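Peer 1: Just dropping this structure here.
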Amino acid sequence: MGDTATFQRLQQELADAKEEEERGGYSASAEIDSSSRSEKLYEHLQRPEGRRPAKRTLQSHDENKERDRYFEDDDNVDLATLVKREKHGVDNYHKNYTENVTGNKYFKLEGKEPDFDDEYVNVNIFESKEKKMNKDKLQQRHKQTASRETNKKDREESTCFFCFENKRIPSHQLLSLGDYTYLMLPSSPLAPGHCMISPIDHCTKGLPALESNVWNEIEKFMKCITRMNYSQNGSGTIFMETNINMKKGRHTVLECFRVDAKSCAVAQGYFKKALEDEGPQWAQHRKVLHTDGARGVRSFPQNFAYFYVQFGMTQGMAHIIENEKKFPGDFGHEILAAVMDLDKDFIGKNKRMTVEQGKEEAKEFLKAWLPFDWTTELDGGDIGEI
């Protein structure tokens with residue numbers, strides 16, 4: 001047995017000290033300070049607001065220890081909404097996982113092996129942070145996000161060269177105007193017959209992100225341009241899109257080139273070899289993706305950078321771009337210059353056309369284009385004489 005008398009004496013002294021402190025005549029912080037401890041630290045710990053709040057855990061089981069929920073908002077979402085989310089992919093689980101991992105201290109160990117097992121990574125790590133917010137905070141976050149997106153879009157459209165309502169667009173280079181798209185000459189054409197198809201509204205995620213009504217008009221332009229070029233001594237048509245810099249708001253543009261029949265016959269081999277040889281420099285995915293026309297590239301997932309080239313209306317090929325910094329912006333033009341036996345030194349250094357030069361080029365193009373222009377069926381669709 002221990003020293004019972006000493007234990008009882010200490011218990012009595014502790015009770016007397018607490019009673020004295022309640023009356024204001026004794027301060028426990030003074031005792032702590034006399035033991036070389038920080039009085040401020042003691043006072044800080046005595047304040048409820050100074051303590052670190054306890055981590056809120058998800059109550060996933062009922063009183064009988066049976067699981068009744070998996071996520072925070074299970075009680076606020078009905079079965080139909082959950083099915084819709086699963087079918088249409090409303091929740092981006094890869095994005096949620098990335099955000100939760102990068103913001104978790106257990107994953108920031110500076111090269112050391114983590115000291116937790118697989119049981120730590122549960123289903124909640126794939127859940128969006130918004131689901132854990134209350135209604136007011138979530139509403140405020142959505143309002144701030146919408147405001148930022150609106151301001152960003154306004155800035156992009158005000159400086160975009162291809163937005164139709166922008167005053168910067170060169171009206172003397174416009175050729176045809178549809179309901180959702182338009183056809184125009186580039187400011188620095190690579191060769192005769194070089195033109196561009198672009199959506200009227202600001203679109204920054206390439207062909208896969210376009211609405212069906214916009215895409216239908218682009219297809220009409222592609223078919224009519226192919227027929228027009230074929231009427232020029234049987235020339236072929238090559239379409240090209242470089243979808244990069246989406247975060248910077250780069251407008252979606254599909255370039256069209258008239259290529260003589262001989263060059264068009266070997267163009268597919270040139271582009272395939274170039275993509276296979278140079279693709280590994282800016283992408284780990286080395287495979288060249290072959291498509292049956294432009295509808296193939298429409299099946300690509302959005303928010304992916306890629307290079308796409310199509311030969312006529314039937315065959316095309318694409319390559320994913322993972323490292324945009326290493327991808328040369330004039331990649332397609334350089335390959336096409338080799339196909340058409342053009343001066344490669346001219347690529348990227350050709351000066352913009354003056355207004356008078358642009359008007360002359362537009363008049364020459366319209367002479368061949370007007371018989372094939374589908375927009376003449378629309379009210380005010382054709383630009384006409386400039």
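Naming works like this for the structure tokens: A, B, ... for the chains as they're shown, residue 1 at the start of each chain, ligands 1 onward in shown order.
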Within 9 Å of region 157-163 of chain A, counting only C-alpha atoms, which residues show up once you throw out same-chain ones fewer than 2 positions away? Write them as a ChimeraX atom specification, please.
Peer 2: /A:152-155,165-170,198-203,249-253
Peer 1: Quick one: pull the distance between CA of Gly236 (chain A) and CA of Gln268 (chain A), Å, one decimal.
Peer 2: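 Value for the CA of Gly236 (chain A)-CA of Gln268 (chain A) distance: 12.0 Å.
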Peer 1: As a list in words, please: every residue in region 157-187 of chain A that a backbone DSSP assignment puts in helix (DSSP H, G or I).
Peer 2: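 Here are the helix (DSSP H, G or I) residues of region 157-187 of chain A: Glu157, Ser158, Thr159, Ser171, His172 and Gln173 of chain A.
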Peer 1: Go ahead and save the residues from that selection, with N, CA and C atoms, as a compact mmCIF listing (two decimals), in the first residue's frame.
Peer 2:
```txt
# COMPACT_ATOMS: atom_id res chain seq x y z
N GLU A 157 -12.55 38.65 -73.96
CA GLU A 157 -13.28 39.06 -75.15
C GLU A 157 -12.87 40.46 -75.61
N SER A 158 -12.52 41.32 -74.65
CA SER A 158 -12.14 42.69 -75.03
C SER A 158 -10.81 42.74 -75.76
N THR A 159 -9.97 41.72 -75.59
CA THR A 159 -8.66 41.70 -76.24
C THR A 159 -8.54 40.61 -77.31
N SER A 171 -12.48 43.85 -90.36
CA SER A 171 -13.71 43.62 -91.13
C SER A 171 -13.43 43.43 -92.61
N HIS A 172 -12.34 44.01 -93.13
CA HIS A 172 -12.04 43.89 -94.56
C HIS A 172 -11.58 42.48 -94.93
N GLN A 173 -11.31 41.62 -93.92
CA GLN A 173 -10.88 40.25 -94.19
C GLN A 173 -12.01 39.24 -94.03
```
Peer 1: Can you tell me which residues surround Arg352 (chain A) at a distance of at most 12 Å, considering only C-alpha atoms, apart from same-chain residues fewer than 5 positions away, and format the answer as a list in words?
Peer 2: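 Everything that qualifies: Pro170, Gln173, Leu185, Pro186, Ser187, Ser188, Pro189, Leu190, Gln357 and Gly358 of chain A.
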Peer 1: Can those selected residues be exported to a file as a PDB file, in the first residue's frame so that it contains N, CA, C and O atoms?
Peer 2:
```pdb
ATOM      1  N   PRO A 170     -10.493  42.553 -88.073  1.00  0.00           N
ATOM      2  CA  PRO A 170     -10.358  43.247 -89.360  1.00  0.00           C
ATOM      3  C   PRO A 170     -11.549  42.948 -90.267  1.00  0.00           C
ATOM      4  O   PRO A 170     -11.622  41.878 -90.881  1.00  0.00           O
ATOM      5  N   GLN A 173     -11.308  41.622 -93.922  1.00  0.00           N
ATOM      6  CA  GLN A 173     -10.878  40.252 -94.192  1.00  0.00           C
ATOM      7  C   GLN A 173     -12.010  39.239 -94.034  1.00  0.00           C
ATOM      8  O   GLN A 173     -11.816  38.048 -94.255  1.00  0.00           O
ATOM      9  N   LEU A 185     -10.159  35.715 -93.808  1.00  0.00           N
ATOM     10  CA  LEU A 185      -8.766  35.520 -94.206  1.00  0.00           C
ATOM     11  C   LEU A 185      -7.859  35.781 -93.017  1.00  0.00           C
ATOM     12  O   LEU A 185      -8.141  36.655 -92.188  1.00  0.00           O
ATOM     13  N   PRO A 186      -6.742  35.070 -92.902  1.00  0.00           N
ATOM     14  CA  PRO A 186      -5.770  35.374 -91.840  1.00  0.00           C
ATOM     15  C   PRO A 186      -5.018  36.651 -92.153  1.00  0.00           C
ATOM     16  O   PRO A 186      -4.912  37.054 -93.315  1.00  0.00           O
ATOM     17  N   SER A 187      -4.490  37.283 -91.140  1.00  0.00           N
ATOM     18  CA  SER A 187      -3.724  38.514 -91.358  1.00  0.00           C
ATOM     19  C   SER A 187      -2.383  38.232 -92.010  1.00  0.00           C
ATOM     20  O   SER A 187      -1.829  39.096 -92.698  1.00  0.00           O
ATOM     21  N   SER A 188      -1.858  37.011 -91.808  1.00  0.00           N
ATOM     22  CA  SER A 188      -0.587  36.609 -92.411  1.00  0.00           C
ATOM     23  C   SER A 188      -0.780  35.260 -93.097  1.00  0.00           C
ATOM     24  O   SER A 188      -0.450  34.211 -92.528  1.00  0.00           O
ATOM     25  N   PRO A 189      -1.348  35.224 -94.305  1.00  0.00           N
ATOM     26  CA  PRO A 189      -1.633  33.944 -94.972  1.00  0.00           C
ATOM     27  C   PRO A 189      -0.363  33.181 -95.322  1.00  0.00           C
ATOM     28  O   PRO A 189       0.646  33.771 -95.708  1.00  0.00           O
ATOM     29  N   LEU A 190      -0.434  31.868 -95.142  1.00  0.00           N
ATOM     30  CA  LEU A 190       0.706  31.014 -95.456  1.00  0.00           C
ATOM     31  C   LEU A 190       0.857  30.829 -96.963  1.00  0.00           C
ATOM     32  O   LEU A 190       1.973  30.777 -97.484  1.00  0.00           O
ATOM     33  N   GLN A 357      -3.883  45.422 -98.983  1.00  0.00           N
ATOM     34  CA  GLN A 357      -3.538  44.053 -99.369  1.00  0.00           C
ATOM     35  C   GLN A 357      -4.634  43.081 -98.945  1.00  0.00           C
ATOM     36  O   GLN A 357      -4.983  42.153 -99.688  1.00  0.00           O
ATOM     37  N   GLY A 358      -5.185  43.289 -97.758  1.00  0.00           N
ATOM     38  CA  GLY A 358      -6.259  42.427 -97.288  1.00  0.00           C
ATOM     39  C   GLY A 358      -7.496  42.512 -98.162  1.00  0.00           C
ATOM     40  O   GLY A 358      -8.146  41.505 -98.441  1.00  0.00           O
TER      41      GLY A 358
END
```
